Structures are given as C-alpha cells and as structure tokens.
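Colleague: Pasting run_19.cif here (mmCIF, C-alpha atoms):
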data_model
#
loop_
_atom_site.label_atom_id
_atom_site.label_comp_id
_atom_site.auth_asym_id
_atom_site.auth_seq_id
_atom_site.Cartn_x
_atom_site.Cartn_y
_atom_site.Cartn_z
CA ILE A 476 -29.01 -12.05 -2.39
CA LEU A 477 -26.06 -12.23 -4.79
CA ASP A 478 -23.93 -9.15 -5.46
CA LYS A 479 -21.76 -10.42 -8.33
CA ALA A 480 -22.86 -10.97 -11.91
CA GLY A 481 -22.31 -14.42 -13.37
CA THR A 482 -23.84 -17.86 -13.92
CA TYR A 483 -24.58 -19.85 -10.79
CA THR A 484 -25.81 -23.34 -9.96
CA LEU A 485 -27.83 -24.25 -6.89
CA VAL A 486 -27.33 -27.84 -5.72
CA PRO A 487 -29.36 -29.39 -2.86
CA SER A 488 -27.01 -30.32 -0.04
CA ASP A 489 -29.40 -31.84 2.52
CA PRO A 490 -29.38 -35.65 2.08
CA SER A 491 -32.88 -35.83 3.55
CA LEU A 492 -34.32 -33.91 0.60
CA ASP A 493 -36.05 -35.69 -2.24
CA GLN A 494 -33.26 -36.78 -4.60
CA ALA A 495 -35.54 -35.90 -7.49
CA ILE A 496 -34.65 -32.27 -6.87
CA SER A 497 -32.00 -31.43 -9.43
CA ALA A 498 -29.43 -28.67 -9.64
CA VAL A 499 -30.73 -25.35 -10.96
CA SER A 500 -28.62 -22.94 -13.01
CA PHE A 501 -29.40 -19.26 -13.31
CA THR A 502 -27.71 -16.04 -14.35
CA VAL A 503 -27.31 -12.83 -12.37
CA GLY A 504 -26.80 -9.74 -14.52
CA PRO A 505 -25.32 -6.41 -13.46
CA ALA A 506 -27.47 -3.75 -11.90
CA SER A 507 -27.88 -0.22 -13.25
CA PRO A 508 -24.74 1.82 -14.01
CA SER A 509 -23.48 3.56 -10.90
CA GLN A 510 -19.77 4.32 -11.12
CA LEU A 511 -16.62 4.40 -13.23
CA ALA A 512 -13.45 2.43 -12.49
CA PHE A 513 -9.99 2.01 -13.99
CA ILE A 514 -9.31 -1.61 -14.97
CA GLN A 515 -6.13 -0.81 -16.93
CA GLN A 516 -4.22 1.71 -14.85
CA PRO A 517 -1.81 4.22 -16.40
CA THR A 518 1.76 2.92 -16.40
CA ASN A 519 5.04 4.79 -16.10
CA VAL A 520 5.91 6.38 -19.43
CA ALA A 521 8.39 8.68 -21.15
CA ILE A 522 7.40 12.26 -21.91
CA ASN A 523 5.23 12.65 -25.04
CA TYR A 524 4.98 8.88 -25.56
CA GLY A 525 1.67 7.05 -25.49
CA ILE A 526 0.86 5.19 -22.30
CA GLU A 527 0.91 1.42 -22.97
CA PRO A 528 -1.23 -0.61 -22.58
CA SER A 529 -4.07 1.80 -23.30
CA VAL A 530 -5.71 3.21 -20.20
CA THR A 531 -9.13 1.55 -19.84
CA VAL A 532 -12.14 2.69 -17.82
CA VAL A 533 -15.26 0.59 -17.20
CA VAL A 534 -18.83 1.37 -16.27
CA GLU A 535 -19.82 -0.55 -13.14
CA ASP A 536 -22.87 -1.04 -11.00
CA ALA A 537 -22.80 -0.37 -7.26
CA PHE A 538 -21.42 -3.89 -6.67
CA ASP A 539 -18.35 -3.48 -8.96
CA ASN A 540 -19.83 -5.50 -11.80
CA VAL A 541 -19.04 -4.26 -15.32
CA VAL A 542 -22.24 -3.18 -17.07
CA THR A 543 -21.52 -4.74 -20.46
CA THR A 544 -24.84 -3.55 -21.85
CA ASN A 545 -23.75 0.07 -21.50
CA ASN A 546 -22.97 1.60 -24.91
CA GLY A 547 -22.64 5.10 -26.29
CA ASP A 548 -21.85 7.05 -23.13
CA SER A 549 -18.93 9.46 -23.33
CA VAL A 550 -16.13 9.25 -20.73
CA SER A 551 -13.39 11.87 -20.38
CA LEU A 552 -9.99 11.71 -18.69
CA PHE A 553 -8.23 14.59 -16.95
CA ILE A 554 -5.15 15.12 -14.80
CA ASN A 555 -6.18 15.51 -11.18
CA SER A 556 -5.51 18.76 -9.35
CA ALA A 557 -2.21 17.50 -7.91
CA ASN A 558 -0.50 18.09 -11.26
CA PRO A 559 3.21 18.06 -10.31
CA ALA A 560 4.49 19.86 -13.42
CA ASN A 561 1.40 21.55 -14.87
CA ALA A 562 1.34 18.96 -17.64
CA THR A 563 -1.16 18.72 -20.48
CA LEU A 564 -2.93 15.47 -21.27
CA ASN A 565 -2.78 14.84 -25.02
CA GLY A 566 -4.35 12.31 -27.36
CA SER A 567 -7.80 10.75 -27.21
CA VAL A 568 -8.90 12.15 -23.87
CA THR A 569 -12.58 11.38 -24.55
CA ALA A 570 -13.83 7.92 -25.53
CA THR A 571 -17.18 6.33 -26.26
CA VAL A 572 -18.21 3.40 -24.08
CA ASN A 573 -18.54 0.09 -25.92
CA SER A 574 -19.83 -2.93 -23.99
CA GLY A 575 -19.01 -1.17 -20.75
CA LEU A 576 -15.43 -0.26 -21.75
CA ALA A 577 -13.79 3.03 -22.72
CA MET A 578 -10.18 2.94 -23.96
CA PHE A 579 -7.79 5.89 -24.22
CA SER A 580 -4.58 6.57 -26.18
CA ILE A 581 -2.93 9.38 -24.24
CA SER A 582 0.40 11.01 -23.42
CA LEU A 583 1.70 13.77 -21.12
CA ASP A 584 4.04 16.60 -22.07
CA LYS A 585 5.83 17.21 -18.75
CA THR A 586 7.96 14.94 -16.58
CA GLY A 587 6.93 14.39 -12.99
CA GLN A 588 6.02 11.89 -10.32
CA ASN A 589 2.73 10.97 -8.65
CA TYR A 590 0.45 11.94 -11.50
CA THR A 591 -3.09 10.57 -11.21
CA LEU A 592 -5.93 10.66 -13.71
CA GLY A 593 -9.61 11.20 -13.17
CA ALA A 594 -12.45 9.77 -15.25
CA LEU A 595 -15.96 11.21 -15.48
CA ASP A 596 -19.03 11.12 -17.66
CA GLY A 597 -21.25 13.67 -15.93
CA SER A 598 -23.69 11.28 -14.27
CA LEU A 599 -21.81 8.34 -12.70
CA THR A 600 -19.49 8.44 -9.71
CA PRO A 601 -16.04 9.50 -11.07
CA ALA A 602 -12.92 7.36 -10.71
CA THR A 603 -9.32 8.14 -9.79
CA SER A 604 -6.39 6.16 -11.15
CA ALA A 605 -3.30 4.85 -9.42
CA SER A 606 -0.30 7.16 -9.49
CA PHE A 607 2.34 7.00 -12.22
CA THR A 608 5.54 8.72 -13.33
CA VAL A 609 6.43 10.54 -16.55
CA SER A 610 10.17 10.64 -17.22
CA ASP A 611 12.60 11.55 -19.99
CA PRO A 612 13.24 8.75 -22.50
CA ALA A 613 16.04 6.50 -21.25
CA ILE A 614 18.66 4.33 -22.92
CA ILE A 615 19.13 0.93 -21.30
CA TYR A 616 22.41 -0.83 -22.05
CA VAL A 617 22.99 -4.58 -22.46
CA ASP A 618 26.44 -6.13 -22.94
CA GLN A 619 27.05 -9.78 -22.09
CA SER A 620 30.76 -8.99 -21.62
CA ALA A 621 30.16 -6.32 -18.95
CA SER A 622 31.76 -7.20 -15.63
CA SER A 623 30.26 -4.67 -13.22
CA ILE A 624 28.89 -6.13 -10.00
CA ALA A 625 26.29 -3.33 -9.85
CA SER A 626 24.54 -3.99 -13.16
CA ASP A 627 21.73 -1.47 -13.58
CA GLY A 628 21.69 -0.93 -17.36
CA LYS A 629 22.29 2.81 -17.02
CA THR A 630 25.73 2.90 -18.70
CA TRP A 631 27.85 0.59 -20.84
CA THR A 632 30.08 0.04 -17.82
CA THR A 633 27.16 -1.10 -15.67
CA ALA A 634 25.23 -2.73 -18.51
CA PHE A 635 22.93 -5.68 -17.96
CA THR A 636 24.55 -8.88 -19.19
CA SER A 637 21.18 -10.41 -20.12
CA LEU A 638 18.64 -8.90 -22.50
CA GLN A 639 15.89 -10.44 -20.36
CA ASP A 640 16.97 -8.17 -17.49
CA ALA A 641 16.27 -5.13 -19.67
CA LEU A 642 12.87 -6.56 -20.67
CA ALA A 643 11.83 -7.36 -17.11
CA PRO A 644 8.65 -5.67 -15.83
CA GLY A 645 9.16 -2.06 -14.79
CA VAL A 646 12.61 -1.64 -16.39
CA ALA A 647 11.91 -0.40 -19.92
CA ILE A 648 8.89 1.84 -20.40
CA ALA A 649 7.27 3.31 -23.53
CA GLY A 650 9.74 5.75 -25.09
CA ASP A 651 12.89 3.95 -23.95
CA THR A 652 15.57 2.38 -26.15
CA ILE A 653 17.50 -0.80 -25.33
CA GLU A 654 20.98 -0.86 -26.91
CA VAL A 655 22.57 -4.32 -27.12
CA ALA A 656 26.26 -5.05 -27.69
CA GLN A 657 27.54 -7.88 -29.87
CA GLY A 658 27.23 -11.39 -28.50
CA ASP A 659 24.96 -14.39 -28.26
CA TYR A 660 21.85 -13.90 -26.10
CA SER A 661 19.48 -16.67 -25.00
CA PRO A 662 15.85 -16.17 -23.98
CA GLY A 663 16.28 -18.84 -21.27
CA THR A 664 16.57 -22.57 -20.77
CA ASN A 665 12.85 -23.41 -20.83
CA THR A 666 11.27 -24.17 -24.20
CA THR A 667 8.63 -21.48 -23.54
CA ASP A 668 11.17 -18.75 -22.74
CA THR A 669 11.14 -15.94 -25.31
CA PHE A 670 12.19 -12.35 -25.79
CA GLN A 671 8.87 -10.48 -25.48
CA LEU A 672 8.80 -7.19 -27.35
CA LEU A 673 7.28 -4.18 -25.57
CA ASP A 674 4.99 -1.45 -26.85
CA GLY A 675 6.85 1.82 -27.32
CA VAL A 676 10.29 0.28 -26.70
CA ALA A 677 12.99 0.11 -29.41
CA ILE A 678 15.54 -2.73 -29.10
CA GLN A 679 18.64 -2.10 -31.19
CA GLY A 680 21.46 -4.59 -31.68
CA GLY A 681 24.85 -4.21 -33.31
CA TYR A 682 26.89 -2.23 -30.81
CA ALA A 683 30.53 -3.00 -30.06
CA THR A 684 31.53 -4.66 -26.80
CA GLY A 685 31.84 -1.87 -24.27
CA GLY A 686 29.67 0.39 -26.40
CA SER A 687 30.00 2.38 -29.61
CA PRO A 688 28.53 5.67 -30.86
CA THR A 689 26.39 3.97 -33.52
CA PRO A 690 25.31 0.39 -34.21
CA ASP A 691 26.87 -1.70 -36.97
CA PRO A 692 25.11 -5.10 -37.04
CA THR A 693 27.47 -6.37 -39.76
CA ALA A 694 30.64 -5.63 -37.81
CA TYR A 695 29.19 -6.35 -34.35
CA VAL A 696 26.95 -9.35 -34.86
CA THR A 697 24.30 -9.59 -32.15
CA ILE A 698 22.53 -12.94 -32.00
CA LEU A 699 19.26 -13.88 -30.35
CA ASP A 700 19.73 -17.59 -29.98
CA GLY A 701 17.09 -20.19 -29.16
CA THR A 702 19.40 -23.22 -29.34
CA ASN A 703 19.87 -24.08 -25.63
CA GLY A 704 21.33 -27.51 -26.30
CA ALA A 705 18.51 -30.05 -26.53
CA ASN A 706 15.89 -27.57 -25.28
CA HIS A 707 15.30 -25.23 -28.18
CA ASN A 708 12.94 -22.32 -27.51
CA TYR A 709 9.64 -22.52 -29.39
CA HIS A 710 9.87 -18.79 -30.23
CA VAL A 711 13.10 -16.83 -29.89
CA VAL A 712 11.18 -13.55 -30.12
CA THR A 713 7.50 -12.84 -29.44
CA GLY A 714 5.85 -9.79 -30.96
CA SER A 715 2.25 -10.82 -30.43
CA GLY A 716 0.32 -8.63 -28.04
CA THR A 717 2.18 -5.50 -29.13
CA ASP A 718 1.47 -2.74 -31.62
CA SER A 719 3.52 -0.95 -34.28
CA THR A 720 5.47 1.01 -31.64
CA ALA A 721 7.42 -2.11 -30.62
CA MET A 722 10.70 -2.24 -32.56
CA LEU A 723 13.49 -4.80 -33.00
CA GLU A 724 16.44 -4.03 -35.29
CA GLY A 725 20.04 -5.09 -35.88
CA PHE A 726 19.85 -8.72 -34.71
CA THR A 727 20.46 -12.17 -36.15
CA ILE A 728 17.75 -14.56 -34.91
CA THR A 729 18.56 -18.27 -34.89
CA GLY A 730 17.92 -21.57 -33.15
CA GLY A 731 14.15 -21.41 -32.60
CA HIS A 732 12.34 -24.73 -32.82
CA ALA A 733 8.57 -24.49 -33.24
CA ASP A 734 8.00 -28.24 -33.25
CA GLY A 735 4.42 -28.17 -32.00
CA SER A 736 5.05 -30.13 -28.83
CA GLY A 737 3.60 -27.38 -26.63
CA ASP A 738 0.41 -25.35 -27.08
CA ALA A 739 -1.12 -24.58 -30.48
CA ASP A 740 1.21 -21.62 -31.09
CA SER A 741 4.31 -23.76 -30.52
CA ALA A 742 4.06 -25.07 -34.09
CA TYR A 743 4.69 -21.66 -35.65
CA GLY A 744 7.17 -18.81 -35.48
CA GLY A 745 10.43 -20.44 -34.42
CA GLY A 746 12.32 -17.22 -35.03
CA ILE A 747 9.61 -14.73 -34.18
CA ILE A 748 5.88 -15.08 -33.64
CA VAL A 749 3.62 -12.08 -34.18
#
If you convert what's in this file into structure tokens, what do you get?
Modeller:
Amino acid sequence: ILDKAGTYTLVPSDPSLDQAISAVSFTVGPASPSQLAFIQQPTNVAINYGIEPSVTVVVEDAFDNVVTTNNGDSVSLFINSANPANATLNGSVTATVNSGLAMFSISLDKTGQNYTLGALDGSLTPATSASFTVSDPAIIYVDQSASSIASDGKTWTTAFTSLQDALAPGVAIAGDTIEVAQGDYSPGTNTTDTFQLLDGVAIQGGYATGGSPTPDPTAYVTILDGTNGANHNYHVVTGSGTDSTAMLEGFTITGGHADGSGDADSAYGGGIIV
C-alpha cells in the first residue's frame, strides 16, 4: 500500500526471476478530500499591509496529498480565538479552491504577537496556521560609512553598512521602508549575487551620510554597483518574483554584466531583471 501520490516504477530485484520481466510504471492519485492545510504560512507583517507572499491553503486527503482535482469549494480564513489585540482580518478572507489551492490577500488592523489563522470550508478538517507578528511599519537604515559595532539598522548611528543585511530574511517585512545613505553598494562577489526586491518593502536611496530628513539622489548619489572587478554580477537588482508593492527609488544602477554565461536569465537584465 502506498500513501503518497505520484508516479512510481516497480523493478524486479531478485536475480533468480525471469529477466524478461520488465519494470512497470504506475501512478497513484490522491484519495478523497479530507482536510485543509497551510502550505504558505502567514509571515510577519506591518499593520494594515498585505501579508506577502499570499497565504495559501490546500485541500488534502488523509495522507497529506494535495487533491489537485478539487475545484470550486469555498475556504474561509479567520483569526483564532487567541486574538492578542482584538484585530480584524481584512481583504479577501474567502477564496475559491482551484486545483486544490486557495490563495488569500489579507491584512490585520492591530499590532500584536502570536496571531494564528484558522481555515475552514464547512466539511473538511480545519487547519491552523503557524504564529506570526503584526507590528508598526519600521524604517531600516543603511549607511556604508556607519561605524557602530552593534549594527542593527534601527537608527542612522547603528545603520547596517550593507544593503544585503537589510534585505536578509526576516529583517524587512511588508510595510517597512529601507533608507540608504550615499555610497557605492555591491550585491556581492559572486556573479549570481543580486539585490532582491521584496513585496511590500520600499527601498529609497539618496540620503546623506549619517542621515538626512529627506532624500536627494542628485546631491547624495547612491550607487548599486555590479562591477566587482572581473566578476560582474549578472543582475545588479532582481525584481522578478515580486508584485507592484515592491519599490526601488533614488539609486544609480551600474556595472551589471548579463553575458549569458550562467543560466538562461543571465543573458538579460544586467541592471535589473523583472
């Protein structure tokens, strides 16, 4: 008995068997729908900003296989009873299942920690998400001239010296802004290194060294540079995989070298690929 959907091949392994017996391929499909599950969990987010990537719920059988033939069912999301700030879930809180998937564009209107979501459709076993945090929008500071030992990006004094530090997983969340002081910033020394834009995050260049009230990209030139000596980056900036909420403004982009020596995409978008 097999409990996972997929294509399998049976191959005789006993050398005493007739060698005329050949391998046999067969497919195991999912069983009947039994339960819901979160395959894209909610991520930490700023108040009233959409959770990115979109929360996704799947219809599964009793063996955790996605039932891709399931279409048309309606799945709803709700905040579980442990609602730390009596928040309201806004956006598309109900979605129609398509090929076993239901995707949701949602936000919450109160800050708090340890929120969890529930998913139900009225007939299948409901699902509960992992916990997540809703916070006020933050400003993350980057200044390559900052000299603080304790760089945490929370002030100009303790600014990150690398833009990649601000773009690292779990640092900037949807609703945050990254402010970058003048200077020359490299994605990294590997040809595949790139500045990956983030959904819901605004990256603004053109601030003075040490910080300034407003950006002025003409006076405080902020360069995203893919030169790296002989190892040019294929793409200085990557916008692919994001939506219209990802923003980049106030930068000069230079030095990318999409020469095609890597994968198929390496031949395009030396400055930015979208």
Colleague: Which residue is closest to Gly685 in chain A? Choose from A:Ile728, A:Ala577, A:Ala521, A:Val655 and count only C-alpha atoms.
Modeller: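 Closest candidate: A:Val655.
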Colleague: Name every residue that the PyMOL selection byres ((chain A and resi 596) around 12) selects in this structure, writing the answer as JSON, numbers by chain with chains first and numbers rising.
Modeller: {"A": [508, 509, 510, 511, 512, 532, 533, 534, 547, 548, 549, 550, 551, 552, 553, 568, 569, 570, 571, 572, 577, 593, 594, 595, 597, 598, 599, 600, 601, 602]}
Colleague: For Phe513 in chain A, which residue among A:Ala683, A:Val530, A:Ala694, A:Ala705 is the nearest when counting all atoms listed in the file?
Modeller: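 Once distances to Phe513 in chain A are computed over all atoms listed in the file, the minimum belongs to A:Val530.
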Colleague: Counting all atoms listed in the file, what is within 9 Å of range 646-652 of chain A, bar same-chain residues fewer than 6 positions away, as a list in words?
Modeller: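 Here the answer would be Thr518, Asn519, Val520, Ala521, Ile522, Asn523, Tyr524, Gly525, Ile526, Glu527, Asp611, Pro612, Ala613, Ile614, Ile615, Tyr616, Asp640, Leu673, Asp674, Gly675, Val676, Ala677, Ile678, Gln679, Thr720 and Ala721 of chain A.
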Colleague: Which residue is closest to Ala634 in chain A? Choose from A:Pro662, A:Gly686, A:Gly714, A:Gly701 and count all atoms listed in the file.
Modeller: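 The closest residue to Ala634 in chain A is A:Gly686.
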Colleague: So what do you get for CA of Asp618 in chain A versus CA of Asp668 in chain A, distance-wise?
Modeller: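 Interatomic distance, CA of Asp618 in chain A to CA of Asp668 in chain A: 19.8 Å.
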Colleague: Since I can't run it myself right now, could you work out what the PyMOL selection byres ((chain A and resi 562) around 12) selects here and report it as a PyMOL selection string?
Modeller: chain A and resi 522-523+553-561+563-565+582-588+590-592+608-609
Colleague: May I have the selected residues written with C-alpha atoms, as a PDB file, in the frame of the given file?
Modeller:
ATOM      1  CA  ILE A 522       7.400  12.260 -21.910  1.00  0.00           C
ATOM      2  CA  ASN A 523       5.230  12.650 -25.040  1.00  0.00           C
ATOM      3  CA  PHE A 553      -8.230  14.590 -16.950  1.00  0.00           C
ATOM      4  CA  ILE A 554      -5.150  15.120 -14.800  1.00  0.00           C
ATOM      5  CA  ASN A 555      -6.180  15.510 -11.180  1.00  0.00           C
ATOM      6  CA  SER A 556      -5.510  18.760  -9.350  1.00  0.00           C
ATOM      7  CA  ALA A 557      -2.210  17.500  -7.910  1.00  0.00           C
ATOM      8  CA  ASN A 558      -0.500  18.090 -11.260  1.00  0.00           C
ATOM      9  CA  PRO A 559       3.210  18.060 -10.310  1.00  0.00           C
ATOM     10  CA  ALA A 560       4.490  19.860 -13.420  1.00  0.00           C
ATOM     11  CA  ASN A 561       1.400  21.550 -14.870  1.00  0.00           C
ATOM     12  CA  THR A 563      -1.160  18.720 -20.480  1.00  0.00           C
ATOM     13  CA  LEU A 564      -2.930  15.470 -21.270  1.00  0.00           C
ATOM     14  CA  ASN A 565      -2.780  14.840 -25.020  1.00  0.00           C
ATOM     15  CA  SER A 582       0.400  11.010 -23.420  1.00  0.00           C
ATOM     16  CA  LEU A 583       1.700  13.770 -21.120  1.00  0.00           C
ATOM     17  CA  ASP A 584       4.040  16.600 -22.070  1.00  0.00           C
ATOM     18  CA  LYS A 585       5.830  17.210 -18.750  1.00  0.00           C
ATOM     19  CA  THR A 586       7.960  14.940 -16.580  1.00  0.00           C
ATOM     20  CA  GLY A 587       6.930  14.390 -12.990  1.00  0.00           C
ATOM     21  CA  GLN A 588       6.020  11.890 -10.320  1.00  0.00           C
ATOM     22  CA  TYR A 590       0.450  11.940 -11.500  1.00  0.00           C
ATOM     23  CA  THR A 591      -3.090  10.570 -11.210  1.00  0.00           C
ATOM     24  CA  LEU A 592      -5.930  10.660 -13.710  1.00  0.00           C
ATOM     25  CA  THR A 608       5.540   8.720 -13.330  1.00  0.00           C
ATOM     26  CA  VAL A 609       6.430  10.540 -16.550  1.00  0.00           C
TER      27      VAL A 609
END
Colleague: Would you compute, for all listed atoms of range 512-519 of chain A, the axis-aligned bounding box grown by 5 Å on each side, and then report its centre and edge lengths in Å rounded to one decimal, as JSON?
Modeller:
{"center_x": -4.2, "center_y": 1.6, "center_z": -14.7, "size_x": 28.5, "size_y": 16.4, "size_z": 14.4}
Colleague: Up to 8 Å from (2.5, -11.7, -28.9) in the file's coordinates: name the residues, counting only C-alpha atoms, as a PyMOL selection string.
Modeller: chain A and resi 671-672+713-717+748-749
Colleague: From the options A:Pro528, A:Gly746, A:Gly704, A:Gly658, which residue's atoms come nearest to Thr684 in chain A, counting only C-alpha atoms?
Modeller: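 The answer is A:Gly658, which sits nearest to Thr684 in chain A.
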Colleague: Work out how far CA of Gln515 in chain A is from CA of Val711 in chain A, in Å to one decimal.
Modeller: 28.2 Å
Colleague: With all atoms listed in the file as the atoms that count, which of A:Ile624, A:Ile514, A:Met722, A:Leu485 lies nearest to Leu576 in chain A?
Modeller: A:Ile514
Colleague: CA of Tyr709 in chain A and CA of Tyr682 in chain A are how many Å apart?
Modeller: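 Going from CA of Tyr709 in chain A over to CA of Tyr682 in chain A, I get 26.7 Å.
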Colleague: Find, counting all atoms listed in the file, the residue in A:Thr632, A:Asn546, A:Ser620, A:Ser500 that gets nearest to Gly575 in chain A.
Modeller: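 Of A:Thr632, A:Asn546, A:Ser620, A:Ser500, the one nearest Gly575 in chain A, counting all atoms listed in the file, is A:Asn546.
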Colleague: Would you mind putting N, CA, C and O atoms back on range 642-665 of chain A and writing the result as a PDB file, in the coordinates of the input?
Modeller:
ATOM      1  N   LEU A 642      14.276  -6.384 -20.304  1.00  0.00           N
ATOM      2  CA  LEU A 642      12.870  -6.560 -20.670  1.00  0.00           C
ATOM      3  C   LEU A 642      11.994  -6.907 -19.473  1.00  0.00           C
ATOM      4  O   LEU A 642      10.782  -7.074 -19.632  1.00  0.00           O
ATOM      5  N   ALA A 643      12.595  -6.993 -18.298  1.00  0.00           N
ATOM      6  CA  ALA A 643      11.830  -7.360 -17.110  1.00  0.00           C
ATOM      7  C   ALA A 643      10.802  -6.275 -16.790  1.00  0.00           C
ATOM      8  O   ALA A 643      10.991  -5.094 -17.116  1.00  0.00           O
ATOM      9  N   PRO A 644       9.694  -6.642 -16.155  1.00  0.00           N
ATOM     10  CA  PRO A 644       8.650  -5.670 -15.830  1.00  0.00           C
ATOM     11  C   PRO A 644       9.196  -4.474 -15.052  1.00  0.00           C
ATOM     12  O   PRO A 644       9.955  -4.623 -14.104  1.00  0.00           O
ATOM     13  N   GLY A 645       8.802  -3.272 -15.496  1.00  0.00           N
ATOM     14  CA  GLY A 645       9.160  -2.060 -14.790  1.00  0.00           C
ATOM     15  C   GLY A 645      10.515  -1.476 -15.152  1.00  0.00           C
ATOM     16  O   GLY A 645      10.874  -0.398 -14.664  1.00  0.00           O
ATOM     17  N   VAL A 646      11.293  -2.158 -16.012  1.00  0.00           N
ATOM     18  CA  VAL A 646      12.610  -1.640 -16.390  1.00  0.00           C
ATOM     19  C   VAL A 646      12.502  -0.712 -17.581  1.00  0.00           C
ATOM     20  O   VAL A 646      12.810   0.481 -17.492  1.00  0.00           O
ATOM     21  N   ALA A 647      12.098  -1.219 -18.720  1.00  0.00           N
ATOM     22  CA  ALA A 647      11.910  -0.400 -19.920  1.00  0.00           C
ATOM     23  C   ALA A 647      10.452   0.028 -20.015  1.00  0.00           C
ATOM     24  O   ALA A 647       9.548  -0.793 -19.877  1.00  0.00           O
ATOM     25  N   ILE A 648      10.246   1.311 -20.244  1.00  0.00           N
ATOM     26  CA  ILE A 648       8.890   1.840 -20.400  1.00  0.00           C
ATOM     27  C   ILE A 648       8.755   2.452 -21.797  1.00  0.00           C
ATOM     28  O   ILE A 648       9.747   2.654 -22.500  1.00  0.00           O
ATOM     29  N   ALA A 649       7.525   2.730 -22.207  1.00  0.00           N
ATOM     30  CA  ALA A 649       7.270   3.310 -23.530  1.00  0.00           C
ATOM     31  C   ALA A 649       8.093   4.572 -23.712  1.00  0.00           C
ATOM     32  O   ALA A 649       8.063   5.481 -22.888  1.00  0.00           O
ATOM     33  N   GLY A 650       8.855   4.634 -24.801  1.00  0.00           N
ATOM     34  CA  GLY A 650       9.740   5.750 -25.090  1.00  0.00           C
ATOM     35  C   GLY A 650      11.199   5.429 -24.887  1.00  0.00           C
ATOM     36  O   GLY A 650      12.073   6.164 -25.358  1.00  0.00           O
ATOM     37  N   ASP A 651      11.509   4.322 -24.207  1.00  0.00           N
ATOM     38  CA  ASP A 651      12.890   3.950 -23.950  1.00  0.00           C
ATOM     39  C   ASP A 651      13.492   3.177 -25.131  1.00  0.00           C
ATOM     40  O   ASP A 651      12.782   2.604 -25.958  1.00  0.00           O
ATOM     41  N   THR A 652      14.817   3.158 -25.165  1.00  0.00           N
ATOM     42  CA  THR A 652      15.570   2.380 -26.150  1.00  0.00           C
ATOM     43  C   THR A 652      16.513   1.434 -25.424  1.00  0.00           C
ATOM     44  O   THR A 652      17.183   1.836 -24.470  1.00  0.00           O
ATOM     45  N   ILE A 653      16.559   0.189 -25.863  1.00  0.00           N
ATOM     46  CA  ILE A 653      17.500  -0.800 -25.330  1.00  0.00           C
ATOM     47  C   ILE A 653      18.594  -1.004 -26.369  1.00  0.00           C
ATOM     48  O   ILE A 653      18.308  -1.428 -27.498  1.00  0.00           O
ATOM     49  N   GLU A 654      19.840  -0.681 -26.016  1.00  0.00           N
ATOM     50  CA  GLU A 654      20.980  -0.860 -26.910  1.00  0.00           C
ATOM     51  C   GLU A 654      21.747  -2.104 -26.473  1.00  0.00           C
ATOM     52  O   GLU A 654      22.119  -2.231 -25.305  1.00  0.00           O
ATOM     53  N   VAL A 655      21.997  -3.015 -27.435  1.00  0.00           N
ATOM     54  CA  VAL A 655      22.570  -4.320 -27.120  1.00  0.00           C
ATOM     55  C   VAL A 655      23.886  -4.495 -27.858  1.00  0.00           C
ATOM     56  O   VAL A 655      23.953  -4.343 -29.086  1.00  0.00           O
ATOM     57  N   ALA A 656      24.947  -4.819 -27.101  1.00  0.00           N
ATOM     58  CA  ALA A 656      26.260  -5.050 -27.690  1.00  0.00           C
ATOM     59  C   ALA A 656      26.348  -6.446 -28.300  1.00  0.00           C
ATOM     60  O   ALA A 656      25.567  -7.342 -27.982  1.00  0.00           O
ATOM     61  N   GLN A 657      27.330  -6.605 -29.172  1.00  0.00           N
ATOM     62  CA  GLN A 657      27.540  -7.880 -29.870  1.00  0.00           C
ATOM     63  C   GLN A 657      27.627  -9.035 -28.878  1.00  0.00           C
ATOM     64  O   GLN A 657      28.042  -8.892 -27.734  1.00  0.00           O
ATOM     65  N   GLY A 658      27.200 -10.216 -29.349  1.00  0.00           N
ATOM     66  CA  GLY A 658      27.230 -11.390 -28.500  1.00  0.00           C
ATOM     67  C   GLY A 658      26.100 -12.328 -28.843  1.00  0.00           C
ATOM     68  O   GLY A 658      25.352 -12.126 -29.801  1.00  0.00           O
ATOM     69  N   ASP A 659      25.967 -13.356 -28.060  1.00  0.00           N
ATOM     70  CA  ASP A 659      24.960 -14.390 -28.260  1.00  0.00           C
ATOM     71  C   ASP A 659      24.065 -14.416 -27.031  1.00  0.00           C
ATOM     72  O   ASP A 659      24.515 -14.749 -25.931  1.00  0.00           O
ATOM     73  N   TYR A 660      22.783 -14.063 -27.218  1.00  0.00           N
ATOM     74  CA  TYR A 660      21.850 -13.900 -26.100  1.00  0.00           C
ATOM     75  C   TYR A 660      20.752 -14.940 -26.185  1.00  0.00           C
ATOM     76  O   TYR A 660      20.138 -15.126 -27.232  1.00  0.00           O
ATOM     77  N   SER A 661      20.495 -15.619 -25.071  1.00  0.00           N
ATOM     78  CA  SER A 661      19.480 -16.670 -25.000  1.00  0.00           C
ATOM     79  C   SER A 661      18.252 -16.168 -24.261  1.00  0.00           C
ATOM     80  O   SER A 661      18.371 -15.483 -23.239  1.00  0.00           O
ATOM     81  N   PRO A 662      17.056 -16.536 -24.731  1.00  0.00           N
ATOM     82  CA  PRO A 662      15.850 -16.170 -23.980  1.00  0.00           C
ATOM     83  C   PRO A 662      15.741 -16.881 -22.635  1.00  0.00           C
ATOM     84  O   PRO A 662      15.065 -16.404 -21.723  1.00  0.00           O
ATOM     85  N   GLY A 663      16.381 -18.042 -22.497  1.00  0.00           N
ATOM     86  CA  GLY A 663      16.280 -18.840 -21.270  1.00  0.00           C
ATOM     87  C   GLY A 663      16.311 -20.314 -21.594  1.00  0.00           C
ATOM     88  O   GLY A 663      16.237 -20.725 -22.756  1.00  0.00           O
ATOM     89  N   THR A 664      16.392 -21.133 -20.575  1.00  0.00           N
ATOM     90  CA  THR A 664      16.570 -22.570 -20.770  1.00  0.00           C
ATOM     91  C   THR A 664      15.272 -23.338 -20.958  1.00  0.00           C
ATOM     92  O   THR A 664      15.290 -24.492 -21.393  1.00  0.00           O
ATOM     93  N   ASN A 665      14.128 -22.736 -20.627  1.00  0.00           N
ATOM     94  CA  ASN A 665      12.850 -23.410 -20.830  1.00  0.00           C
ATOM     95  C   ASN A 665      12.386 -23.236 -22.274  1.00  0.00           C
ATOM     96  O   ASN A 665      12.616 -22.184 -22.886  1.00  0.00           O
TER      97      ASN A 665
END
